[in-house]
There are 2 protein chains.
Amino acid sequence: MNFAGKGVLVTGGAGFVGSHMVDALVAREAKVTVLDNLSTGFRELVSSSSRVRFIEGDLLDQKTVNTAVEGQEFVFHFGANADVKDGLLHPRRDIEQNILATQNLLEAMRASNVKQIAFTSTGSMYGEPTLIPTPEDCPLPVQTSLYGASKLACEGLLSAYAFGYGFSCWAFRCVSMLGPRYSHGHVIDFCKKLRMDPTQLHVLGDGHQRKSYLHVSDSISGILVAIEKAERTEPYHVFNLGHSEWIEVNDSVRMICEELGVKPKITLAGGVRGWIGDSPRILLDTTRLRSLGWEPRRTIEDAVVDTVRWLKEHPHMFEARR
Amino acid sequence: MNFAGKGVLVTGGAGFVGSHMVDALVAREAKVTVLDNLSTGFRELVSSSSRVRFIEGDLLDQKTVNTAVEGQEFVFHFGANADVKDGLLHPRRDIEQNILATQNLLEAMRASNVKQIAFTSTGSMYGEPTLIPTPEDCPLPVQTSLYGASKLACEGLLSAYAFGYGFSCWAFRCVSMLGPRYSHGHVIDFCKKLRMDPTQLHVLGDGHQRKSYLHVSDSISGILVAIEKAERTEPYHVFNLGHSEWIEVNDSVRMICEELGVKPKITLAGGVRGWIGDSPRILLDTTRLRSLGWEPRRTIEDAVVDTVRWLKEHPHMFEARR
């Protein structure tokens, strides 16, 4: 796949990961359209390149989606609810913003004969996996969160469209990403609390939850390697996207506190999970993607520190929505 | 679980499988409410017992669902689009009638504090499985039909509600069912064609697709055994429901023709699949359900012949919708 001169739609292109992909596509000289409702994204994160057209609109509005899709050659679908933790407070949110939004996009693509799509799924769809590191073809998991269930449902739609209507689809089951423009997750939560009160920090779970993270620059390179190099003999491609390292929540806390120069008293909520549906162990087997020549360049510690530094330089993120 | 005197809702209770479950529940002296929109069900299939209340209504109408759910102790959720073959002609149908309908039901249950539900999923969610017979924890499959994808999505919702809101859920991944009241599938399609013209029969695929089927009476007994006997230590239970036998489409054709007393010239469309998304080999590993003491009493041949006899006695089924 050579993106130069091609029309490429990026849904959620004003968000954390989407905006980085827009930059990567601009560098590849694609003609980029961004569709984002700015519910969690920020207009100022979108490249100001003349190669980029911005549409403020919602994936639940079929007409807007149709307009955005028309004439494109490739779609990157990042627009989604990305919050796992509070899913139980909003049980319809994942179904609407993830499942229905994705079908609207697929229907717009079908109507316009646009047939190539890359989608960010999640390692959360592995629930509490019986195999760690978890490969893409692990034993069929039980869903423990609405977020994971909704992303698995989206993958099902993508593959059914791939087999049924001749689409080419790439799905990426990602660990949590870190790095510049990060706006949601445990690092910002901890930094925010420590700004309010640097003398103490309350941590969900027992601190021993072990998880893998990935720097957003490594995520972008992984997605592009898969699309550019994967064999196109199959209509549906799925790749884990994560680091071979994992760290404890306690490690995250230490790294964040060191970078902020604070020494809070830590209190632990207890329990092996941070919240209902939290998977206490997340480590993905990325052999499939590595076989195409990709590997992460940043360590997890590097990614955590980079995130904290960026947040320090962009304190308005603490006041922003969510 | 003892159903005597308990309030039990059966969605799709005017349909093929649902109406048999209503009969089984009446025999167990449950107080049954049927919710059915009669889009593919028939009012006359619903037991006329005074223990049964019938509500004609749609799962997409939240108010009606709330009314039907209120005060129940257990829900059997059979109401769904059950057609796999023509899914690509109606790409939103499975999402609306299966995913959204199921979430409406779960939300009604949450609002009324009704927390026990049994759901009929499908063996089609295994796509084209790499393991045959296919166990419940087979390698994570790729969805090849919108129907399979939608049922997998429903299972995801059920398990997320089970873990998140304390529901107890039973999901049954079923092969195609046969027997009295059957109104949709290859047996009625073949019988219908042979009524029109007994001299020839056109068969989709190469005739060698091998599939398992189950008599509806064995399905009902399997579902009830699982609910009545499964350990309740886990919030989410999933069981394959099928026969240990499988037959070729060619075998089905022979059995149907013999029972009808016709000798048509058979023409084959060719190809290993009957249609896009058709799985050419369906055989489920039912060790999990058998370990609870269940086994099918009817052979597949017996089930096919029973279905053809019932259709001969109820020729109005050939004129009915679908």
# chains A, B, ... in the order shown; residues from 1 in each chain; ligands from 1
>>> select_by_dssp(residues="stretch 49-102 of chain A", states="strand (DSSP E)", output="PyMOL selection string")
chain A and resi 52-56+74-77
>>> calpha_fit_and_write(fixed="chain B", moving="chain A", output="compact mmCIF listing (two decimals) with C-alpha atoms, in the first residue's frame")
# COMPACT_ATOMS: atom_id res chain seq x y z
CA MET A 1 -33.62 -24.29 39.27
CA ASN A 2 -37.21 -25.25 39.90
CA PHE A 3 -39.58 -23.34 37.62
CA ALA A 4 -42.83 -24.28 39.37
CA GLY A 5 -44.78 -21.17 40.28
CA LYS A 6 -42.03 -18.87 38.97
CA GLY A 7 -42.53 -16.04 36.50
CA VAL A 8 -40.69 -16.85 33.29
CA LEU A 9 -40.49 -14.69 30.17
CA VAL A 10 -39.95 -16.38 26.80
CA THR A 11 -39.05 -13.95 24.01
CA GLY A 12 -39.77 -15.41 20.60
CA GLY A 13 -42.14 -17.79 22.36
CA ALA A 14 -44.36 -18.02 19.27
CA GLY A 15 -41.46 -19.29 17.19
CA PHE A 16 -40.20 -22.76 16.41
CA VAL A 17 -37.93 -23.36 19.41
CA GLY A 18 -39.50 -20.81 21.77
CA SER A 19 -42.96 -22.36 21.56
CA HIS A 20 -41.56 -25.76 22.51
CA MET A 21 -39.87 -24.19 25.52
CA VAL A 22 -43.19 -22.62 26.52
CA ASP A 23 -44.75 -26.09 26.49
CA ALA A 24 -41.92 -27.48 28.61
CA LEU A 25 -42.31 -24.63 31.11
CA VAL A 26 -46.07 -25.09 31.30
CA ALA A 27 -45.43 -28.76 32.08
CA ARG A 28 -43.14 -27.57 34.88
CA GLU A 29 -45.95 -25.33 36.17
CA ALA A 30 -44.16 -22.04 35.53
CA LYS A 31 -46.12 -18.80 35.03
CA VAL A 32 -45.11 -18.04 31.47
CA THR A 33 -45.16 -14.73 29.61
CA VAL A 34 -44.53 -14.84 25.87
CA LEU A 35 -43.22 -11.76 24.05
CA ASP A 36 -43.26 -12.13 20.27
CA ASN A 37 -43.79 -9.69 17.41
CA LEU A 38 -45.15 -12.49 15.17
CA SER A 39 -42.80 -11.44 12.39
CA THR A 40 -41.73 -15.06 11.96
CA GLY A 41 -43.64 -16.72 14.81
CA PHE A 42 -47.27 -17.87 14.82
CA ARG A 43 -49.84 -17.07 17.49
CA GLU A 44 -51.34 -20.57 17.16
CA LEU A 45 -48.06 -22.22 18.22
CA VAL A 46 -48.32 -20.64 21.66
CA SER A 47 -49.77 -22.90 24.32
CA SER A 48 -53.37 -22.04 25.18
CA SER A 49 -52.75 -22.97 28.84
CA SER A 50 -54.10 -20.54 31.39
CA ARG A 51 -50.54 -20.39 32.73
CA VAL A 52 -49.49 -18.48 29.61
CA ARG A 53 -49.86 -14.75 28.98
CA PHE A 54 -49.18 -13.56 25.42
CA ILE A 55 -47.83 -10.10 24.58
CA GLU A 56 -47.60 -9.16 20.93
CA GLY A 57 -44.69 -6.76 20.87
CA ASP A 58 -41.24 -6.00 19.55
CA LEU A 59 -37.94 -6.26 21.40
CA LEU A 60 -36.95 -2.98 19.77
CA ASP A 61 -39.73 -1.24 21.71
CA GLN A 62 -38.15 -0.65 25.11
CA LYS A 63 -41.43 0.11 26.93
CA THR A 64 -43.01 -3.14 25.83
CA VAL A 65 -39.90 -5.05 26.84
CA ASN A 66 -39.88 -3.38 30.25
CA THR A 67 -43.51 -4.38 30.80
CA ALA A 68 -42.85 -7.98 29.76
CA VAL A 69 -39.80 -8.32 32.02
CA GLU A 70 -41.24 -6.78 35.17
CA GLY A 71 -41.76 -9.27 37.97
CA GLN A 72 -40.16 -12.24 36.20
CA GLU A 73 -37.57 -14.53 37.76
CA PHE A 74 -36.05 -16.01 34.63
CA VAL A 75 -35.86 -15.05 30.95
CA PHE A 76 -35.47 -17.35 27.94
CA HIS A 77 -34.35 -15.20 25.04
CA PHE A 78 -35.20 -16.85 21.72
CA GLY A 79 -36.52 -13.73 19.91
CA ALA A 80 -34.07 -13.02 17.09
CA ASN A 81 -33.50 -13.00 13.41
CA ALA A 82 -32.65 -16.64 12.76
CA ASP A 83 -31.81 -16.46 9.06
CA VAL A 84 -28.12 -16.82 8.18
CA LYS A 85 -28.23 -17.28 4.45
CA ASP A 86 -29.66 -13.94 3.32
CA GLY A 87 -27.85 -11.78 5.88
CA LEU A 88 -25.91 -9.92 3.19
CA LEU A 89 -29.19 -8.69 1.66
CA HIS A 90 -30.15 -7.04 4.97
CA PRO A 91 -26.93 -5.91 6.65
CA ARG A 92 -28.66 -4.02 9.47
CA ARG A 93 -31.13 -6.77 10.33
CA ASP A 94 -28.84 -8.87 12.54
CA ILE A 95 -27.56 -5.81 14.34
CA GLU A 96 -31.03 -4.51 15.12
CA GLN A 97 -32.98 -7.70 15.76
CA ASN A 98 -30.17 -9.49 17.55
CA ILE A 99 -27.71 -7.04 19.15
CA LEU A 100 -29.97 -4.07 19.92
CA ALA A 101 -32.92 -6.29 20.84
CA THR A 102 -30.72 -8.20 23.26
CA GLN A 103 -29.42 -5.07 24.90
CA ASN A 104 -32.97 -3.74 25.29
CA LEU A 105 -33.85 -6.95 27.07
CA LEU A 106 -30.76 -6.80 29.31
CA GLU A 107 -31.51 -3.17 30.17
CA ALA A 108 -35.12 -4.04 31.05
CA MET A 109 -33.82 -6.84 33.25
CA ARG A 110 -31.35 -4.52 34.95
CA ALA A 111 -34.11 -1.98 35.61
CA SER A 112 -36.37 -4.65 37.13
CA ASN A 113 -33.63 -6.53 38.95
CA VAL A 114 -34.29 -9.70 36.94
CA LYS A 115 -30.93 -11.40 36.65
CA GLN A 116 -31.20 -14.86 35.13
CA ILE A 117 -31.23 -15.37 31.37
CA ALA A 118 -30.74 -18.19 28.89
CA PHE A 119 -29.91 -17.28 25.31
CA THR A 120 -29.70 -19.21 22.05
CA SER A 121 -26.46 -18.39 20.29
CA THR A 122 -25.23 -20.33 17.29
CA GLY A 123 -22.54 -22.66 16.03
CA SER A 124 -22.27 -20.23 13.09
CA MET A 125 -20.19 -17.98 15.34
CA TYR A 126 -17.37 -20.51 14.92
CA GLY A 127 -17.08 -19.36 11.29
CA GLU A 128 -15.06 -22.03 9.47
CA PRO A 129 -13.53 -23.69 12.53
CA THR A 130 -9.99 -25.02 12.62
CA LEU A 131 -11.00 -27.68 15.17
CA ILE A 132 -13.74 -30.22 14.39
CA PRO A 133 -15.63 -31.25 16.46
CA THR A 134 -15.48 -27.67 17.75
CA PRO A 135 -15.28 -27.17 21.53
CA GLU A 136 -16.58 -24.06 23.31
CA ASP A 137 -13.01 -22.85 23.94
CA CYS A 138 -11.71 -23.40 20.39
CA PRO A 139 -9.22 -20.90 18.92
CA LEU A 140 -10.85 -17.48 18.63
CA PRO A 141 -12.72 -17.71 15.32
CA VAL A 142 -13.10 -15.23 12.47
CA GLN A 143 -16.72 -14.31 11.74
CA THR A 144 -17.86 -15.14 8.22
CA SER A 145 -21.53 -14.14 8.52
CA LEU A 146 -23.39 -11.15 9.94
CA TYR A 147 -25.65 -13.59 11.77
CA GLY A 148 -22.72 -15.31 13.51
CA ALA A 149 -21.12 -11.94 14.27
CA SER A 150 -24.35 -10.63 15.80
CA LYS A 151 -24.83 -13.70 18.00
CA LEU A 152 -21.21 -13.48 19.20
CA ALA A 153 -21.86 -9.82 20.01
CA CYS A 154 -24.93 -10.83 22.03
CA GLU A 155 -22.87 -13.38 23.95
CA GLY A 156 -20.37 -10.61 24.70
CA LEU A 157 -23.14 -8.39 26.07
CA LEU A 158 -24.53 -11.21 28.20
CA SER A 159 -21.17 -12.03 29.72
CA ALA A 160 -20.32 -8.35 30.31
CA TYR A 161 -23.67 -7.97 32.11
CA ALA A 162 -22.95 -11.19 34.01
CA PHE A 163 -19.59 -9.92 35.28
CA GLY A 164 -20.60 -6.28 35.58
CA TYR A 165 -24.08 -6.42 37.04
CA GLY A 166 -24.21 -9.84 38.70
CA PHE A 167 -26.40 -11.57 36.12
CA SER A 168 -26.40 -15.36 35.72
CA CYS A 169 -26.33 -16.20 32.02
CA TRP A 170 -26.52 -19.39 29.98
CA ALA A 171 -25.63 -19.21 26.29
CA PHE A 172 -26.25 -22.16 23.95
CA ARG A 173 -24.36 -22.40 20.68
CA CYS A 174 -26.79 -24.45 18.65
CA VAL A 175 -26.65 -26.33 15.39
CA SER A 176 -29.72 -26.07 13.14
CA MET A 177 -32.76 -27.57 14.81
CA LEU A 178 -35.38 -29.77 13.23
CA GLY A 179 -38.77 -31.16 14.23
CA PRO A 180 -42.43 -30.11 14.54
CA ARG A 181 -43.19 -26.36 14.00
CA TYR A 182 -40.02 -25.98 11.91
CA SER A 183 -40.57 -23.08 9.52
CA HIS A 184 -37.20 -21.99 8.14
CA GLY A 185 -34.14 -23.74 6.71
CA HIS A 186 -33.03 -26.22 4.11
CA VAL A 187 -35.64 -28.92 4.82
CA ILE A 188 -38.59 -26.59 4.21
CA ASP A 189 -36.80 -25.07 1.22
CA PHE A 190 -36.34 -28.50 -0.39
CA CYS A 191 -39.89 -29.65 0.45
CA LYS A 192 -41.33 -26.44 -0.99
CA LYS A 193 -39.40 -26.80 -4.24
CA LEU A 194 -40.41 -30.46 -4.55
CA ARG A 195 -44.09 -29.60 -4.03
CA MET A 196 -43.84 -27.19 -6.96
CA ASP A 197 -41.91 -29.64 -9.12
CA PRO A 198 -41.20 -33.19 -7.90
CA THR A 199 -39.12 -34.03 -10.98
CA GLN A 200 -36.09 -31.88 -10.20
CA LEU A 201 -34.24 -30.29 -7.29
CA HIS A 202 -31.48 -27.69 -7.40
CA VAL A 203 -29.06 -27.90 -4.44
CA LEU A 204 -26.71 -25.10 -3.31
CA GLY A 205 -23.03 -26.04 -3.05
CA ASP A 206 -21.61 -29.42 -4.07
CA GLY A 207 -23.89 -31.50 -1.83
CA HIS A 208 -20.97 -32.57 0.34
CA GLN A 209 -21.35 -29.88 3.01
CA ARG A 210 -21.41 -31.87 6.26
CA LYS A 211 -23.53 -30.58 9.10
CA SER A 212 -24.94 -31.62 12.41
CA TYR A 213 -28.62 -31.08 13.28
CA LEU A 214 -30.61 -31.62 16.43
CA HIS A 215 -34.25 -32.50 17.04
CA VAL A 216 -35.94 -29.63 18.85
CA SER A 217 -37.02 -31.95 21.69
CA ASP A 218 -33.36 -32.74 22.34
CA SER A 219 -32.51 -29.03 22.25
CA ILE A 220 -35.14 -28.23 24.85
CA SER A 221 -33.95 -31.03 27.12
CA GLY A 222 -30.32 -29.89 26.70
CA ILE A 223 -31.11 -26.29 27.62
CA LEU A 224 -33.09 -27.34 30.68
CA VAL A 225 -30.46 -29.83 31.86
CA ALA A 226 -27.79 -27.12 31.67
CA ILE A 227 -29.86 -24.62 33.64
CA GLU A 228 -31.08 -27.12 36.17
CA LYS A 229 -27.75 -28.87 36.76
CA ALA A 230 -24.86 -26.53 35.93
CA GLU A 231 -22.82 -25.29 38.87
CA ARG A 232 -23.65 -21.67 39.61
CA THR A 233 -20.20 -20.70 40.75
CA GLU A 234 -19.54 -18.83 37.49
CA PRO A 235 -21.73 -15.95 36.31
CA TYR A 236 -21.56 -17.00 32.66
CA HIS A 237 -22.12 -20.48 31.22
CA VAL A 238 -21.72 -21.42 27.58
CA PHE A 239 -22.65 -24.78 26.08
CA ASN A 240 -22.52 -26.25 22.62
CA LEU A 241 -25.80 -27.88 21.68
CA GLY A 242 -25.69 -30.35 18.81
CA HIS A 243 -25.59 -33.98 17.75
CA SER A 244 -22.49 -36.18 17.69
CA GLU A 245 -23.57 -37.27 14.18
CA TRP A 246 -23.35 -35.18 11.06
CA ILE A 247 -24.74 -35.78 7.58
CA GLU A 248 -24.09 -34.48 4.10
CA VAL A 249 -26.57 -32.25 2.30
CA ASN A 250 -26.83 -35.17 -0.15
CA ASP A 251 -28.03 -37.36 2.74
CA SER A 252 -30.67 -34.79 3.67
CA VAL A 253 -31.87 -34.74 0.09
CA ARG A 254 -32.15 -38.53 0.01
CA MET A 255 -34.07 -38.67 3.30
CA ILE A 256 -36.47 -35.92 2.24
CA CYS A 257 -37.12 -37.45 -1.17
CA GLU A 258 -37.74 -40.90 0.31
CA GLU A 259 -40.21 -39.53 2.83
CA LEU A 260 -42.00 -37.51 0.13
CA GLY A 261 -41.89 -40.48 -2.28
CA VAL A 262 -40.32 -38.47 -5.10
CA LYS A 263 -37.30 -39.14 -7.34
CA PRO A 264 -36.20 -35.79 -8.69
CA LYS A 265 -33.22 -35.16 -10.96
CA ILE A 266 -30.67 -33.43 -8.69
CA THR A 267 -28.61 -30.52 -10.02
CA LEU A 268 -25.79 -29.05 -7.94
CA ALA A 269 -24.82 -25.37 -7.92
CA GLY A 270 -21.23 -26.41 -7.10
CA GLY A 271 -18.66 -24.95 -4.74
CA VAL A 272 -17.84 -26.18 -1.25
CA ARG A 273 -20.16 -23.61 0.37
CA GLY A 274 -23.92 -23.25 -0.12
CA TRP A 275 -23.67 -19.45 0.05
CA ILE A 276 -21.23 -16.75 1.16
CA GLY A 277 -20.67 -17.23 4.87
CA ASP A 278 -21.93 -20.83 4.83
CA SER A 279 -19.69 -23.08 6.91
CA PRO A 280 -19.19 -26.31 4.92
CA ARG A 281 -18.48 -28.35 8.06
CA ILE A 282 -20.45 -27.98 11.29
CA LEU A 283 -19.92 -30.44 14.14
CA LEU A 284 -19.85 -29.25 17.73
CA ASP A 285 -18.07 -30.90 20.64
CA THR A 286 -20.80 -31.33 23.26
CA THR A 287 -18.67 -32.94 25.96
CA ARG A 288 -19.49 -30.12 28.36
CA LEU A 289 -23.25 -30.61 28.19
CA ARG A 290 -22.99 -34.42 28.09
CA SER A 291 -21.00 -34.31 31.32
CA LEU A 292 -24.23 -33.09 32.98
CA GLY A 293 -26.02 -36.24 31.86
CA TRP A 294 -27.68 -35.00 28.66
CA GLU A 295 -27.64 -36.80 25.34
CA PRO A 296 -29.81 -36.59 22.25
CA ARG A 297 -32.51 -39.26 21.94
CA ARG A 298 -33.31 -38.82 18.26
CA THR A 299 -30.99 -39.56 15.35
CA ILE A 300 -30.53 -36.91 12.68
CA GLU A 301 -32.37 -39.09 10.14
CA ASP A 302 -35.24 -39.39 12.59
CA ALA A 303 -35.25 -35.60 13.01
CA VAL A 304 -35.29 -34.98 9.24
CA VAL A 305 -38.12 -37.46 8.67
CA ASP A 306 -40.11 -36.06 11.60
CA THR A 307 -39.76 -32.58 10.11
CA VAL A 308 -40.91 -33.65 6.65
CA ARG A 309 -43.92 -35.47 8.11
CA TRP A 310 -44.92 -32.45 10.14
CA LEU A 311 -44.61 -30.21 7.09
CA LYS A 312 -46.79 -32.62 5.07
CA GLU A 313 -49.44 -32.37 7.78
CA HIS A 314 -49.13 -28.57 7.91
CA PRO A 315 -48.97 -27.50 4.27
CA HIS A 316 -49.94 -23.91 5.16
CA MET A 317 -46.33 -23.52 6.35
CA PHE A 318 -45.29 -23.45 2.70
CA GLU A 319 -47.44 -20.41 2.07
CA ALA A 320 -46.44 -18.66 5.30
CA ARG A 321 -44.05 -15.74 5.51
CA ARG A 322 -40.44 -16.57 4.63
>>> select_by_dssp(residues="stretch 5-168 of chain A", states="alpha helix (DSSP H)", output="PyMOL selection string")
chain A and resi 16-27+62-69+93-94+101-112+146-165
>>> decode(residues="stretch 140-189 of chain B", atoms="C-alpha atoms", output="PDB file, in the first residue's frame")
ATOM      1  CA  LEU B 140     -10.832 -17.497  18.617  1.00  0.00           C
ATOM      2  CA  PRO B 141     -12.717 -17.720  15.309  1.00  0.00           C
ATOM      3  CA  VAL B 142     -13.097 -15.239  12.465  1.00  0.00           C
ATOM      4  CA  GLN B 143     -16.713 -14.304  11.729  1.00  0.00           C
ATOM      5  CA  THR B 144     -17.856 -15.147   8.212  1.00  0.00           C
ATOM      6  CA  SER B 145     -21.537 -14.142   8.498  1.00  0.00           C
ATOM      7  CA  LEU B 146     -23.396 -11.158   9.922  1.00  0.00           C
ATOM      8  CA  TYR B 147     -25.647 -13.603  11.767  1.00  0.00           C
ATOM      9  CA  GLY B 148     -22.717 -15.315  13.508  1.00  0.00           C
ATOM     10  CA  ALA B 149     -21.116 -11.945  14.253  1.00  0.00           C
ATOM     11  CA  SER B 150     -24.350 -10.635  15.788  1.00  0.00           C
ATOM     12  CA  LYS B 151     -24.828 -13.691  18.004  1.00  0.00           C
ATOM     13  CA  LEU B 152     -21.207 -13.485  19.182  1.00  0.00           C
ATOM     14  CA  ALA B 153     -21.854  -9.819  19.993  1.00  0.00           C
ATOM     15  CA  CYS B 154     -24.932 -10.823  22.017  1.00  0.00           C
ATOM     16  CA  GLU B 155     -22.870 -13.370  23.942  1.00  0.00           C
ATOM     17  CA  GLY B 156     -20.374 -10.604  24.681  1.00  0.00           C
ATOM     18  CA  LEU B 157     -23.137  -8.394  26.049  1.00  0.00           C
ATOM     19  CA  LEU B 158     -24.525 -11.207  28.186  1.00  0.00           C
ATOM     20  CA  SER B 159     -21.157 -12.027  29.713  1.00  0.00           C
ATOM     21  CA  ALA B 160     -20.308  -8.352  30.291  1.00  0.00           C
ATOM     22  CA  TYR B 161     -23.661  -7.967  32.096  1.00  0.00           C
ATOM     23  CA  ALA B 162     -22.950 -11.167  34.017  1.00  0.00           C
ATOM     24  CA  PHE B 163     -19.577  -9.919  35.271  1.00  0.00           C
ATOM     25  CA  GLY B 164     -20.576  -6.269  35.577  1.00  0.00           C
ATOM     26  CA  TYR B 165     -24.071  -6.416  37.038  1.00  0.00           C
ATOM     27  CA  GLY B 166     -24.218  -9.827  38.713  1.00  0.00           C
ATOM     28  CA  PHE B 167     -26.392 -11.554  36.120  1.00  0.00           C
ATOM     29  CA  SER B 168     -26.414 -15.357  35.706  1.00  0.00           C
ATOM     30  CA  CYS B 169     -26.336 -16.199  32.025  1.00  0.00           C
ATOM     31  CA  TRP B 170     -26.524 -19.368  29.962  1.00  0.00           C
ATOM     32  CA  ALA B 171     -25.621 -19.217  26.283  1.00  0.00           C
ATOM     33  CA  PHE B 172     -26.236 -22.153  23.939  1.00  0.00           C
ATOM     34  CA  ARG B 173     -24.354 -22.410  20.671  1.00  0.00           C
ATOM     35  CA  CYS B 174     -26.785 -24.457  18.642  1.00  0.00           C
ATOM     36  CA  VAL B 175     -26.651 -26.338  15.382  1.00  0.00           C
ATOM     37  CA  SER B 176     -29.729 -26.068  13.142  1.00  0.00           C
ATOM     38  CA  MET B 177     -32.760 -27.573  14.820  1.00  0.00           C
ATOM     39  CA  LEU B 178     -35.393 -29.782  13.233  1.00  0.00           C
ATOM     40  CA  GLY B 179     -38.784 -31.175  14.236  1.00  0.00           C
ATOM     41  CA  PRO B 180     -42.443 -30.124  14.531  1.00  0.00           C
ATOM     42  CA  ARG B 181     -43.195 -26.378  13.993  1.00  0.00           C
ATOM     43  CA  TYR B 182     -40.034 -25.978  11.911  1.00  0.00           C
ATOM     44  CA  SER B 183     -40.564 -23.076   9.522  1.00  0.00           C
ATOM     45  CA  HIS B 184     -37.206 -21.988   8.146  1.00  0.00           C
ATOM     46  CA  GLY B 185     -34.152 -23.743   6.722  1.00  0.00           C
ATOM     47  CA  HIS B 186     -33.032 -26.207   4.117  1.00  0.00           C
ATOM     48  CA  VAL B 187     -35.647 -28.923   4.815  1.00  0.00           C
ATOM     49  CA  ILE B 188     -38.594 -26.591   4.199  1.00  0.00           C
ATOM     50  CA  ASP B 189     -36.793 -25.064   1.221  1.00  0.00           C
TER      51      ASP B 189
END
